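target15.cif, holding mmCIF, C-alpha atoms:
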data_protein
loop_
_atom_site.label_atom_id
_atom_site.label_comp_id
_atom_site.auth_asym_id
_atom_site.auth_seq_id
_atom_site.Cartn_x
_atom_site.Cartn_y
_atom_site.Cartn_z
CA MET A 8 4.77 47.11 1.55
CA SER A 9 1.52 45.82 0.04
CA PRO A 10 -1.71 47.08 1.57
CA SER A 11 -3.89 44.67 3.54
CA PRO A 12 -6.48 42.96 1.30
CA LEU A 13 -10.01 44.25 1.47
CA PHE A 14 -11.36 40.69 1.49
CA ALA A 15 -9.96 37.27 2.39
CA ALA A 16 -11.24 33.72 1.95
CA PRO A 17 -13.95 32.96 4.55
CA LYS A 18 -12.97 31.14 7.73
CA GLY A 19 -12.53 27.44 7.08
CA THR A 20 -11.86 27.87 3.38
CA ARG A 21 -8.68 28.48 1.43
CA ASP A 22 -7.27 29.11 -2.02
CA ILE A 23 -5.34 26.22 -3.58
CA LEU A 24 -2.69 28.04 -5.57
CA PRO A 25 -0.51 26.90 -8.50
CA GLY A 26 2.19 24.61 -7.21
CA GLU A 27 0.04 22.89 -4.61
CA SER A 28 -2.77 22.63 -7.13
CA ARG A 29 -0.50 20.52 -9.34
CA ARG A 30 -0.65 17.79 -6.71
CA PHE A 31 -4.44 18.24 -6.61
CA GLU A 32 -4.60 17.80 -10.41
CA LYS A 33 -2.46 14.67 -10.40
CA LEU A 34 -4.46 13.06 -7.60
CA VAL A 35 -7.68 13.64 -9.53
CA ALA A 36 -6.15 12.37 -12.78
CA THR A 37 -4.85 9.22 -11.07
CA PHE A 38 -8.21 8.57 -9.43
CA SER A 39 -10.03 9.12 -12.72
CA ASP A 40 -7.77 6.56 -14.39
CA PHE A 41 -8.40 3.94 -11.69
CA ALA A 42 -12.16 4.61 -11.70
CA HIS A 43 -12.23 4.05 -15.47
CA ARG A 44 -10.27 0.79 -15.13
CA TYR A 45 -12.85 -0.47 -12.63
CA GLY A 46 -15.80 0.49 -14.84
CA PHE A 47 -16.97 3.73 -13.17
CA GLY A 48 -18.17 6.73 -15.20
CA LEU A 49 -18.07 10.35 -14.04
CA ILE A 50 -21.20 11.97 -12.58
CA VAL A 51 -21.50 15.72 -12.05
CA SER A 52 -24.49 16.75 -9.91
CA PRO A 53 -25.65 20.05 -8.34
CA LEU A 54 -23.75 21.44 -5.34
CA PHE A 55 -27.03 22.05 -3.52
CA GLU A 56 -30.08 19.86 -3.05
CA ASP A 57 -33.44 19.97 -1.34
CA VAL A 58 -32.55 19.66 2.35
CA GLY A 59 -34.68 16.51 2.49
CA VAL A 60 -32.15 14.65 0.34
CA PHE A 61 -29.62 14.87 3.15
CA HIS A 62 -32.09 14.57 6.04
CA ARG A 63 -33.37 11.32 4.55
CA GLY A 64 -30.00 10.25 3.20
CA ILE A 65 -27.60 10.78 6.10
CA GLY A 66 -30.21 10.90 8.88
CA GLU A 67 -31.66 13.94 10.64
CA GLN A 68 -30.02 12.84 13.89
CA SER A 69 -26.52 12.49 12.45
CA ASP A 70 -23.91 14.99 13.62
CA VAL A 71 -23.58 16.31 10.08
CA ALA A 72 -27.30 17.04 9.69
CA ARG A 73 -27.73 18.46 13.19
CA LYS A 74 -24.64 20.62 13.48
CA GLU A 75 -22.71 20.98 10.24
CA MET A 76 -24.96 21.40 7.17
CA TYR A 77 -25.29 24.75 5.44
CA VAL A 78 -29.08 25.14 5.10
CA PHE A 79 -30.74 28.13 3.43
CA GLU A 80 -33.91 29.31 1.70
CA ASP A 81 -33.79 30.43 -1.91
CA ARG A 82 -35.80 33.37 -3.23
CA SER A 83 -38.83 31.13 -3.67
CA GLY A 84 -38.75 29.91 -0.08
CA ARG A 85 -37.44 26.42 -0.87
CA ARG A 86 -35.22 24.93 1.86
CA LEU A 87 -31.95 23.83 0.31
CA ALA A 88 -28.61 22.60 1.63
CA LEU A 89 -25.07 22.72 0.31
CA ARG A 90 -23.77 19.21 -0.21
CA PRO A 91 -22.03 17.91 2.97
CA GLU A 92 -20.97 14.60 1.36
CA GLY A 93 -21.18 12.84 -1.99
CA THR A 94 -23.35 9.73 -1.62
CA ALA A 95 -26.85 11.11 -1.05
CA SER A 96 -26.74 13.27 -4.20
CA VAL A 97 -25.62 10.31 -6.31
CA VAL A 98 -28.44 8.14 -4.99
CA ARG A 99 -30.93 10.93 -5.61
CA ALA A 100 -29.72 11.04 -9.23
CA PHE A 101 -30.08 7.25 -9.46
CA VAL A 102 -33.69 7.39 -8.23
CA GLN A 103 -34.51 10.28 -10.57
CA HIS A 104 -32.98 8.91 -13.79
CA HIS A 105 -33.57 5.12 -13.48
CA PRO A 106 -30.28 4.00 -15.09
CA VAL A 107 -29.50 0.41 -16.01
CA THR A 108 -27.99 -1.49 -13.09
CA PRO A 109 -25.44 -2.11 -11.84
CA TRP A 110 -24.80 1.65 -12.03
CA LYS A 111 -21.19 2.54 -11.29
CA VAL A 112 -20.18 6.21 -11.07
CA TRP A 113 -17.36 8.30 -9.64
CA TYR A 114 -17.37 11.94 -8.60
CA LEU A 115 -15.19 14.89 -7.65
CA THR A 116 -17.02 17.47 -5.60
CA PRO A 117 -16.63 20.28 -3.10
CA ALA A 118 -18.34 19.41 0.20
CA PHE A 119 -19.47 21.91 2.80
CA ARG A 120 -19.60 21.44 6.57
CA TYR A 121 -19.83 24.08 9.26
CA GLU A 122 -17.27 22.73 11.70
CA GLN A 123 -14.20 23.95 13.53
CA PRO A 124 -11.40 24.17 10.96
CA GLN A 125 -8.34 22.03 11.64
CA ALA A 126 -5.52 20.36 9.74
CA GLY A 127 -6.93 18.79 6.60
CA ARG A 128 -10.53 19.64 7.52
CA TYR A 129 -12.12 22.76 6.09
CA ARG A 130 -15.63 24.15 5.84
CA GLN A 131 -15.25 23.70 2.10
CA HIS A 132 -13.21 20.66 1.23
CA HIS A 133 -13.04 18.34 -1.77
CA GLN A 134 -13.99 14.71 -2.07
CA LEU A 135 -13.26 11.98 -4.57
CA GLY A 136 -15.51 8.96 -4.45
CA VAL A 137 -17.32 6.13 -6.20
CA GLU A 138 -20.80 4.67 -5.84
CA ALA A 139 -22.16 1.41 -7.26
CA LEU A 140 -25.89 0.64 -7.09
CA GLY A 141 -28.04 -2.28 -8.14
CA THR A 142 -26.45 -5.39 -6.66
CA ASP A 143 -25.81 -6.79 -3.18
CA ASP A 144 -23.01 -9.08 -4.41
CA PRO A 145 -20.27 -8.98 -1.71
CA THR A 146 -17.56 -9.29 -4.35
CA LEU A 147 -18.49 -5.76 -5.45
CA ASP A 148 -17.58 -4.64 -1.91
CA VAL A 149 -14.19 -6.24 -2.52
CA GLU A 150 -13.73 -4.40 -5.82
CA VAL A 151 -14.64 -1.00 -4.35
CA ILE A 152 -12.27 -1.44 -1.40
CA THR A 153 -9.53 -2.68 -3.73
CA LEU A 154 -9.97 0.31 -6.04
CA ALA A 155 -9.29 2.62 -3.09
CA TRP A 156 -6.35 0.50 -1.94
CA ARG A 157 -4.72 0.50 -5.39
CA PHE A 158 -5.28 4.25 -5.74
CA TYR A 159 -3.51 4.98 -2.46
CA GLU A 160 -0.68 2.69 -3.54
CA ALA A 161 -0.41 4.44 -6.91
CA VAL A 162 0.02 7.91 -5.41
CA GLY A 163 2.83 6.62 -3.21
CA LEU A 164 1.27 6.13 0.22
CA ARG A 165 2.94 3.31 2.15
CA GLN A 166 1.80 3.90 5.73
CA ILE A 167 -1.88 3.25 5.04
CA SER A 168 -3.93 0.74 7.03
CA LEU A 169 -7.37 -0.60 6.16
CA MET A 170 -9.99 -1.34 8.82
CA ILE A 171 -13.22 -3.18 8.03
CA ASN A 172 -16.35 -4.12 9.95
CA SER A 173 -19.89 -5.37 9.42
CA MET A 174 -22.82 -3.32 10.69
CA GLY A 175 -25.39 -5.96 9.77
CA HIS A 176 -28.75 -4.83 8.44
CA ARG A 177 -31.79 -3.39 10.19
CA ALA A 178 -33.29 -6.73 11.16
CA CYS A 179 -30.25 -7.87 13.11
CA ARG A 180 -29.15 -4.41 14.22
CA GLU A 181 -32.27 -3.52 16.22
CA PRO A 182 -31.83 -6.28 18.85
CA TYR A 183 -28.18 -5.25 19.19
CA LEU A 184 -29.13 -1.59 19.65
CA GLU A 185 -31.38 -2.56 22.53
CA LEU A 186 -28.46 -4.34 24.22
CA LEU A 187 -26.20 -1.35 23.58
CA ARG A 188 -28.73 1.12 25.02
CA GLN A 189 -29.09 -1.01 28.16
CA HIS A 190 -25.31 -0.99 28.56
CA LEU A 191 -25.04 2.77 27.98
CA GLU A 192 -27.89 3.53 30.39
CA THR A 193 -26.04 1.62 33.11
CA HIS A 194 -22.92 3.74 32.50
CA GLU A 195 -24.59 6.99 31.43
CA GLY A 196 -22.77 9.10 34.02
CA GLU A 197 -19.39 7.97 32.68
CA LEU A 198 -20.01 9.12 29.09
CA CYS A 199 -18.56 12.35 27.65
CA ASP A 200 -20.77 15.44 27.89
CA GLU A 201 -21.96 15.22 24.28
CA HIS A 202 -22.99 11.57 24.33
CA ARG A 203 -24.45 11.71 27.82
CA ALA A 204 -27.13 13.86 26.21
CA LEU A 205 -27.43 12.06 22.86
CA TRP A 206 -26.91 8.33 23.38
CA ARG A 207 -30.65 7.62 23.53
CA THR A 208 -31.27 9.01 20.02
CA ASN A 209 -28.05 7.78 18.38
CA ALA A 210 -26.42 5.04 20.41
CA LEU A 211 -24.11 3.85 17.61
CA ARG A 212 -22.31 7.19 17.55
CA VAL A 213 -20.95 6.47 21.00
CA LEU A 214 -18.88 3.65 19.49
CA ASP A 215 -17.32 6.22 17.17
CA CYS A 216 -16.38 8.57 20.00
CA LYS A 217 -12.64 8.93 20.63
CA GLN A 218 -13.02 10.41 24.15
CA GLU A 219 -11.41 8.19 26.78
CA SER A 220 -14.58 8.20 28.87
CA CYS A 221 -16.74 6.81 26.04
CA VAL A 222 -14.08 4.33 24.94
CA GLY A 223 -13.88 3.09 28.53
CA VAL A 224 -17.65 2.58 28.66
CA THR A 225 -18.07 0.85 25.28
CA ALA A 226 -14.92 -1.34 25.30
CA PRO A 227 -16.38 -4.02 27.61
CA GLY A 228 -19.88 -3.64 26.17
CA PRO A 229 -21.58 -5.53 23.32
CA MET A 230 -20.15 -5.13 19.82
CA LEU A 231 -22.37 -5.20 16.74
CA ILE A 232 -20.22 -7.65 14.78
CA ASP A 233 -20.90 -10.30 17.44
CA HIS A 234 -24.67 -9.94 16.95
CA VAL A 235 -25.14 -9.84 13.17
CA CYS A 236 -27.31 -12.52 11.56
CA GLU A 237 -25.95 -15.53 9.68
CA GLU A 238 -26.70 -13.93 6.30
CA CYS A 239 -24.72 -10.80 7.17
CA ARG A 240 -21.94 -12.91 8.69
CA ALA A 241 -21.68 -14.90 5.43
CA HIS A 242 -21.60 -11.66 3.39
CA PHE A 243 -18.75 -10.34 5.54
CA GLN A 244 -16.79 -13.57 5.23
CA ILE A 245 -16.95 -13.40 1.41
CA VAL A 246 -15.62 -9.84 1.60
CA ARG A 247 -12.75 -10.97 3.82
CA ASP A 248 -11.96 -13.93 1.59
CA GLY A 249 -11.97 -11.69 -1.49
CA LEU A 250 -9.58 -9.16 0.05
CA ASP A 251 -7.31 -12.00 1.15
CA SER A 252 -7.25 -13.43 -2.38
CA LEU A 253 -6.21 -10.05 -3.81
CA GLY A 254 -3.50 -9.44 -1.22
CA VAL A 255 -5.28 -6.46 0.36
CA THR A 256 -4.21 -6.28 4.02
CA TYR A 257 -6.82 -5.30 6.61
CA SER A 258 -7.82 -5.56 10.26
CA VAL A 259 -11.33 -6.05 11.65
CA ASN A 260 -12.35 -3.13 13.89
CA PRO A 261 -15.67 -3.82 15.66
CA ARG A 262 -15.92 -0.13 16.74
CA LEU A 263 -15.97 1.09 13.13
CA VAL A 264 -19.50 2.38 12.48
CA ARG A 265 -18.67 5.50 10.42
CA GLY A 266 -20.62 8.73 10.74
CA PHE A 267 -23.82 8.26 8.73
CA ASP A 268 -27.00 6.35 9.48
CA TYR A 269 -27.29 4.79 6.03
CA TYR A 270 -24.51 2.21 6.31
CA THR A 271 -25.37 -1.50 6.43
CA ARG A 272 -23.15 -4.57 6.39
CA THR A 273 -19.65 -3.76 5.08
CA THR A 274 -18.01 -0.59 6.40
CA PHE A 275 -14.36 0.32 5.95
CA GLU A 276 -11.87 3.09 6.61
CA PHE A 277 -8.30 3.89 5.52
CA VAL A 278 -6.02 5.57 8.05
CA SER A 279 -2.51 6.98 7.76
CA GLY A 280 0.12 5.81 10.22
CA ALA A 281 2.17 8.91 9.43
CA MET A 282 -0.45 11.34 10.78
CA ASN A 283 -1.77 12.25 14.21
CA SER A 284 -4.10 9.48 15.33
CA ALA A 285 -6.93 11.91 16.11
CA GLN A 286 -7.14 13.06 12.47
CA ASN A 287 -5.61 10.23 10.48
CA ALA A 288 -8.52 8.99 8.34
CA VAL A 289 -7.92 9.60 4.62
CA GLY A 290 -10.97 7.82 3.23
CA GLY A 291 -13.69 5.31 3.86
CA GLY A 292 -17.16 4.11 3.05
CA GLY A 293 -19.47 1.15 3.10
CA ARG A 294 -22.61 -0.55 1.89
CA TYR A 295 -26.06 1.01 2.05
CA ASP A 296 -29.10 -1.10 1.25
CA ARG A 297 -32.03 1.25 1.94
CA LEU A 298 -30.81 4.67 0.86
CA ALA A 299 -32.57 4.64 -2.53
CA GLU A 300 -35.80 3.66 -0.79
CA GLU A 301 -35.39 6.51 1.72
CA LEU A 302 -35.15 8.90 -1.25
CA GLY A 303 -38.32 7.63 -2.88
CA GLY A 304 -37.00 4.85 -5.10
CA ASP A 305 -37.28 1.10 -5.11
CA PRO A 306 -35.18 -0.85 -2.57
CA THR A 307 -31.70 -0.92 -4.13
CA SER A 308 -28.39 -2.16 -2.78
CA GLY A 309 -25.36 0.09 -3.07
CA ILE A 310 -21.80 0.60 -1.89
CA GLY A 311 -19.32 3.43 -2.17
CA PHE A 312 -16.43 5.28 -0.61
CA GLY A 313 -15.11 8.82 -0.42
CA SER A 314 -11.67 10.30 0.12
CA GLY A 315 -11.00 13.88 1.19
CA LEU A 316 -8.37 15.48 -1.05
CA GLU A 317 -7.07 17.89 1.58
CA ARG A 318 -6.60 15.07 4.11
CA LEU A 319 -4.99 12.95 1.40
CA MET A 320 -2.50 15.72 0.60
CA LEU A 321 -1.61 15.94 4.28
CA ALA A 322 -0.93 12.19 4.32
CA LEU A 323 1.39 12.60 1.32
CA GLU A 324 3.24 15.40 3.11
CA ALA A 325 3.50 13.30 6.28
CA GLU A 326 5.25 10.59 4.28
CA SER A 327 7.42 13.21 2.48
CA ILE A 328 6.09 12.14 -0.91
CA VAL A 329 6.98 14.78 -3.50
CA ALA A 330 6.54 12.83 -6.74
CA LEU A 331 3.16 14.49 -7.34
CA ASP A 332 4.49 18.01 -6.72
CA ASP A 333 6.38 18.53 -9.96
CA SER A 334 4.90 21.62 -11.62
CA SER A 335 7.97 22.35 -13.73
CA ILE A 336 7.76 22.88 -17.47
CA ASP A 337 9.81 21.36 -20.28
CA VAL A 338 11.13 24.42 -22.10
CA PHE A 339 11.53 28.15 -21.41
CA ILE A 340 12.02 30.63 -24.29
CA VAL A 341 14.42 33.48 -23.56
CA ASP A 342 14.01 36.22 -26.19
CA THR A 343 15.98 39.47 -26.25
CA ALA A 344 15.52 40.11 -29.98
CA GLY A 345 11.83 41.00 -30.04
CA GLY A 346 9.56 40.17 -32.92
CA GLN A 347 7.34 37.10 -33.31
CA SER A 348 9.95 34.31 -33.22
CA SER A 349 9.45 33.39 -29.55
CA LEU A 350 5.66 33.49 -29.89
CA VAL A 351 5.74 31.15 -32.90
CA LEU A 352 8.31 28.83 -31.30
CA VAL A 353 6.53 28.46 -27.97
CA GLU A 354 3.30 27.60 -29.78
CA ALA A 355 5.08 25.01 -31.94
CA LEU A 356 6.48 23.34 -28.83
CA ARG A 357 3.06 23.27 -27.17
CA ALA A 358 1.51 21.81 -30.33
CA VAL A 359 3.71 18.68 -30.07
CA GLY A 360 2.70 18.11 -26.44
CA LEU A 361 5.46 19.89 -24.53
CA SER A 362 4.90 22.40 -21.75
CA ALA A 363 6.56 25.64 -22.76
CA GLU A 364 6.70 29.15 -21.33
CA ARG A 365 8.33 32.46 -22.18
CA SER A 366 8.99 35.82 -20.63
CA TYR A 367 6.92 38.97 -21.13
CA ASP A 368 7.48 42.74 -20.86
CA GLN A 369 10.83 42.73 -22.72
CA ARG A 370 12.93 41.80 -19.68
CA SER A 371 16.70 41.67 -19.70
CA MET A 372 18.62 38.47 -20.51
CA LYS A 373 19.66 38.14 -16.84
CA SER A 374 16.07 38.51 -15.63
CA GLN A 375 14.74 36.02 -18.19
CA MET A 376 17.39 33.44 -17.31
CA LYS A 377 16.38 33.70 -13.64
CA LEU A 378 12.78 33.05 -14.63
CA ALA A 379 13.85 30.10 -16.78
CA ASP A 380 15.76 28.54 -13.89
CA ARG A 381 12.92 29.16 -11.44
CA SER A 382 10.42 27.53 -13.81
CA GLY A 383 12.14 24.16 -13.41
CA ALA A 384 12.54 23.82 -17.17
CA ARG A 385 15.11 21.35 -18.41
CA LEU A 386 15.96 23.42 -21.48
CA ALA A 387 16.13 27.13 -22.28
CA LEU A 388 15.88 28.27 -25.91
CA LEU A 389 17.71 31.55 -26.45
CA ILE A 390 16.79 33.98 -29.22
CA GLY A 391 18.98 37.07 -29.35
CA PRO A 392 19.89 39.48 -32.16
CA ARG A 393 22.51 37.03 -33.50
CA GLU A 394 20.05 34.10 -33.55
CA ARG A 395 17.36 36.26 -35.13
CA GLU A 396 19.69 37.32 -37.93
CA SER A 397 20.79 33.72 -38.68
CA ASP A 398 17.39 32.04 -38.15
CA THR A 399 18.86 29.87 -35.40
CA VAL A 400 18.14 29.20 -31.74
CA THR A 401 20.60 28.44 -28.96
CA ILE A 402 19.60 25.48 -26.78
CA ARG A 403 20.93 25.54 -23.23
CA ASP A 404 20.57 22.55 -20.89
CA LEU A 405 19.72 24.16 -17.55
CA ARG A 406 20.17 20.94 -15.57
CA GLY A 407 23.21 19.41 -17.28
CA THR A 408 26.63 19.23 -15.63
CA ASP A 409 28.91 18.93 -18.67
CA GLU A 410 29.72 22.52 -19.62
CA ALA A 411 30.98 21.52 -23.07
CA GLN A 412 27.64 19.97 -23.97
CA ARG A 413 25.29 22.32 -22.16
CA GLN A 414 24.78 24.75 -25.06
CA HIS A 415 24.61 24.49 -28.84
CA SER A 416 22.85 26.16 -31.77
CA VAL A 417 20.39 24.67 -34.24
CA ALA A 418 18.35 26.02 -37.12
CA LEU A 419 15.11 27.60 -35.97
CA LEU A 420 13.13 25.23 -38.22
CA ASP A 421 14.77 22.23 -36.50
CA ALA A 422 14.34 23.50 -32.93
CA THR A 423 11.14 21.62 -32.10
CA ALA A 424 12.40 18.25 -33.36
CA THR A 425 15.75 18.74 -31.59
CA VAL A 426 14.04 19.61 -28.31
CA LEU A 427 11.83 16.52 -28.53
CA GLN A 428 14.89 14.37 -29.13
CA LEU A 429 16.80 15.87 -26.18
CA LEU A 430 13.87 15.52 -23.77
CA THR A 431 13.27 11.87 -24.63
CA LYS A 432 16.87 10.75 -24.18
#

Could I get this structure in the form of structure tokens?
Amino acid sequence: MSPSPLFAAPKGTRDILPGESRRFEKLVATFSDFAHRYGFGLIVSPLFEDVGVFHRGIGEQSDVARKEMYVFEDRSGRRLALRPEGTASVVRAFVQHHPVTPWKVWYLTPAFRYEQPQAGRYRQHHQLGVEALGTDDPTLDVEVITLAWRFYEAVGLRQISLMINSMGHRACREPYLELLRQHLETHEGELCDEHRALWRTNALRVLDCKQESCVGVTAPGPMLIDHVCEECRAHFQIVRDGLDSLGVTYSVNPRLVRGFDYYTRTTFEFVSGAMNSAQNAVGGGGRYDRLAEELGGDPTSGIGFGSGLERLMLALEAESIVALDDSSIDVFIVDTAGGQSSLVLVEALRAVGLSAERSYDQRSMKSQMKLADRSGARLALLIGPRERESDTVTIRDLRGTDEAQRQHSVALLDATATVLQLLTK
């Protein structure tokens, strides 16, 4: 019996081990491919920022800033924060480096939030996302949403729904907020405990609340989409028309306000119908038209979205999608003769683009064959004393059903070409 480990991963974090990490890799590779097709380049930025980046970016009164950010002082007394989301850091980089616009970037990043761990939500999780800054063209909104839609399609998700909304901009939102506050004040006693105390400072968050009490209060109340100005209404209609023209299915959800203060106009969210409704969001985002200004830059329009990888993997599991799980290799070398033959052969196979593995520690033939089968390899290449003496290798098809054709010998010099031919049949 193994002793208990001295240390374990901190609460709310976990190790993604080989096997599961193969799905992680393939999701990232697929997203990278789609981002490149849509004209987005990779950005890699620091995991921590001056705390002001997030206070100004996501709002000091947001739930994330108030309750979930990891904030600390470094050895020089500077107040820093671990990144809780991807957008604010990207916009900070935009303001700092003054790139040519429109600036279109994608990112893969760990994100850190001190919250109660639950399925698909960890204190360290991973986000994929894109950001595009420098234009307020509503057709860019369409492209960003479509990129996400096509990505989810490509990884096999079929029970995904898209919700969209318009949050207007500050000029038309302020009169609406006054109406909403009047409505909430009238029904203050009926709100959930959290929002009974906070609705005055962040009224929009009540619309996001899933508690029955808050839903019951806000359902008959004013909705922002009914109070946006004509300019914002026209912007939203172009977005809807664009999605329609591309065959992207959606529903308008007037309660969709997302969790950050920076969103304006278009907001959207993707949810999985295969998951529990309380935790079924797999990605979302929206437009932000003042975030660069909040971080010290010139007024600059932008739009982006993020998708949590852990939540996305749960959605794949909920739909029983295993296509991304394949971590098997192409060839396994079984060597009972010793010497350098297996080392040279496995390297030759890898050099032509195949995944190849071999056994170590001079294990028995039986033990090596078990490892070969467990690896998922299609072929095993056997090198025993007889093969070593004749400079041959025995090729065994581990997945074939015809016993007469499952095994044959070839010259060692021809092994790589023969393997390539067999694997491409």

**OP:** Could you expand the PyMOL selection byres ((chain A and resi 165) around 10) into the explicit residues it covers here, written as a ChimeraX atom specification?
**Re:** /A:159-164,166-168,279-281,322-323,326,328

**OP:** May I ask which of the residues A:Leu205, A:Ala118, A:Cys239, A:Leu250 is the closest one to His176 of chain A, counting only C-alpha atoms?
**Re:** A:Cys239

Residues in the PyMOL selection byres ((chain A and resi 247-249) around 10), expressed as a PDB file with C-alpha atoms, in the frame of the given file:
ATOM      1  CA  PRO A 145     -20.270  -8.980  -1.710  1.00  0.00           C
ATOM      2  CA  THR A 146     -17.560  -9.290  -4.350  1.00  0.00           C
ATOM      3  CA  LEU A 147     -18.490  -5.760  -5.450  1.00  0.00           C
ATOM      4  CA  ASP A 148     -17.580  -4.640  -1.910  1.00  0.00           C
ATOM      5  CA  VAL A 149     -14.190  -6.240  -2.520  1.00  0.00           C
ATOM      6  CA  GLU A 150     -13.730  -4.400  -5.820  1.00  0.00           C
ATOM      7  CA  THR A 153      -9.530  -2.680  -3.730  1.00  0.00           C
ATOM      8  CA  ILE A 171     -13.220  -3.180   8.030  1.00  0.00           C
ATOM      9  CA  ASN A 172     -16.350  -4.120   9.950  1.00  0.00           C
ATOM     10  CA  ALA A 241     -21.680 -14.900   5.430  1.00  0.00           C
ATOM     11  CA  HIS A 242     -21.600 -11.660   3.390  1.00  0.00           C
ATOM     12  CA  PHE A 243     -18.750 -10.340   5.540  1.00  0.00           C
ATOM     13  CA  GLN A 244     -16.790 -13.570   5.230  1.00  0.00           C
ATOM     14  CA  ILE A 245     -16.950 -13.400   1.410  1.00  0.00           C
ATOM     15  CA  VAL A 246     -15.620  -9.840   1.600  1.00  0.00           C
ATOM     16  CA  LEU A 250      -9.580  -9.160   0.050  1.00  0.00           C
ATOM     17  CA  ASP A 251      -7.310 -12.000   1.150  1.00  0.00           C
ATOM     18  CA  SER A 252      -7.250 -13.430  -2.380  1.00  0.00           C
ATOM     19  CA  LEU A 253      -6.210 -10.050  -3.810  1.00  0.00           C
ATOM     20  CA  GLY A 254      -3.500  -9.440  -1.220  1.00  0.00           C
ATOM     21  CA  VAL A 255      -5.280  -6.460   0.360  1.00  0.00           C
ATOM     22  CA  THR A 256      -4.210  -6.280   4.020  1.00  0.00           C
ATOM     23  CA  TYR A 257      -6.820  -5.300   6.610  1.00  0.00           C
ATOM     24  CA  SER A 258      -7.820  -5.560  10.260  1.00  0.00           C
ATOM     25  CA  VAL A 259     -11.330  -6.050  11.650  1.00  0.00           C
TER      26      VAL A 259
END

Original post:
Residues at most 8 Å from Ser366 of chain A, counting only C-alpha atoms, excluding those fewer than 5 positions away in the same chain, as a PyMOL selection string?
Top reply: chain A and resi 340-342+375+378

Counting only C-alpha atoms, which residues in segment 261-378 of chain A sit no more than 8 Å from segment 87-110 of chain A? For each one, give the nearest pair of atoms and the distance in Å, sorted by chain then residue number, as JSON lines.
{"residue": "A:Leu298", "atom": "CA", "partner": "A:Val98", "partner_atom": "CA", "distance": 7.2}
{"residue": "A:Ala299", "atom": "CA", "partner": "A:Val98", "partner_atom": "CA", "distance": 5.9}
{"residue": "A:Leu302", "atom": "CA", "partner": "A:Arg99", "partner_atom": "CA", "distance": 6.4}
{"residue": "A:Gly303", "atom": "CA", "partner": "A:Val102", "partner_atom": "CA", "distance": 7.1}
{"residue": "A:Gly304", "atom": "CA", "partner": "A:Val102", "partner_atom": "CA", "distance": 5.2}
{"residue": "A:Asp305", "atom": "CA", "partner": "A:Val102", "partner_atom": "CA", "distance": 7.9}
{"residue": "A:Gly311", "atom": "CA", "partner": "A:Thr94", "partner_atom": "CA", "distance": 7.5}
{"residue": "A:Gly313", "atom": "CA", "partner": "A:Gly93", "partner_atom": "CA", "distance": 7.4}

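Nearest to His202 of chain A of all the residues A:Asp70, A:Ala418, A:Trp113, A:His133 is A:Asp70, counting all atoms listed in the file.
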
**OP:** Spell out the residues picked by the PyMOL selection byres ((chain A and resi 261) around 7) here, as a list in words.
**Re:**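 With the shown file as input, the PyMOL selection byres ((chain A and resi 261) around 7) matches Asn172, Met230, Leu231, Ile232, Val259, Asn260, Arg262 and Leu263 of chain A.
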
**OP:** Extract, using all atoms listed in the file, all DNA, RNA and protein residues at most 8 Å from Glu75 of chain A, discarding same-chain residues fewer than 3 positions from it, and format them as a list of chain:residue names.
**Re:**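 What passes the distance filter is A:Asp70, A:Val71, A:Ala72, A:Pro91, A:Arg120, A:Tyr121, A:Glu122.
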
Produce the centre coordinates and the three edge lengths, each in Å to one decimal, of the box along x, y and z that contains all listed atoms of segment 241-248 of chain A with 8 Å added on each side, as JSON.
{"center_x": -16.8, "center_y": -12.4, "center_z": 3.5, "size_x": 25.7, "size_y": 21.1, "size_z": 20.1}

**OP:** List every protein, DNA or RNA residue with an atom no more than 9 Å from (-9.1, 21.0, 5.7) in the file's coordinates, counting all atoms listed in the file, and format the result as a list in words.
**Re:**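 It turns out the residues near that spot are Gly19, Thr20, Arg21, Pro124, Gln125, Ala126, Gly127, Arg128, Tyr129, Arg130, Gln131, His132, His133, Gly315, Leu316, Glu317 and Arg318 of chain A.
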
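For Glu394 of chain A, the non-local neighbours within 10 Å, defined as residues at least 2 positions apart in the same chain or in other chains and counting all atoms listed in the file, are Asp342, Thr343, Ala344, Leu389, Ile390, Gly391, Pro392, Glu396, Ser397, Asp398, Thr399, Val400, Thr401, Ser416, Val417, Ala418 and Leu419 of chain A.
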
Print the selection's residues with C-alpha atoms to a file, as a PDB file, keeping the file's coordinate frame.
ATOM      1  CA  ASP A 342      14.010  36.220 -26.190  1.00  0.00           C
ATOM      2  CA  THR A 343      15.980  39.470 -26.250  1.00  0.00           C
ATOM      3  CA  ALA A 344      15.520  40.110 -29.980  1.00  0.00           C
ATOM      4  CA  LEU A 389      17.710  31.550 -26.450  1.00  0.00           C
ATOM      5  CA  ILE A 390      16.790  33.980 -29.220  1.00  0.00           C
ATOM      6  CA  GLY A 391      18.980  37.070 -29.350  1.00  0.00           C
ATOM      7  CA  PRO A 392      19.890  39.480 -32.160  1.00  0.00           C
ATOM      8  CA  GLU A 396      19.690  37.320 -37.930  1.00  0.00           C
ATOM      9  CA  SER A 397      20.790  33.720 -38.680  1.00  0.00           C
ATOM     10  CA  ASP A 398      17.390  32.040 -38.150  1.00  0.00           C
ATOM     11  CA  THR A 399      18.860  29.870 -35.400  1.00  0.00           C
ATOM     12  CA  VAL A 400      18.140  29.200 -31.740  1.00  0.00           C
ATOM     13  CA  THR A 401      20.600  28.440 -28.960  1.00  0.00           C
ATOM     14  CA  SER A 416      22.850  26.160 -31.770  1.00  0.00           C
ATOM     15  CA  VAL A 417      20.390  24.670 -34.240  1.00  0.00           C
ATOM     16  CA  ALA A 418      18.350  26.020 -37.120  1.00  0.00           C
ATOM     17  CA  LEU A 419      15.110  27.600 -35.970  1.00  0.00           C
TER      18      LEU A 419
END
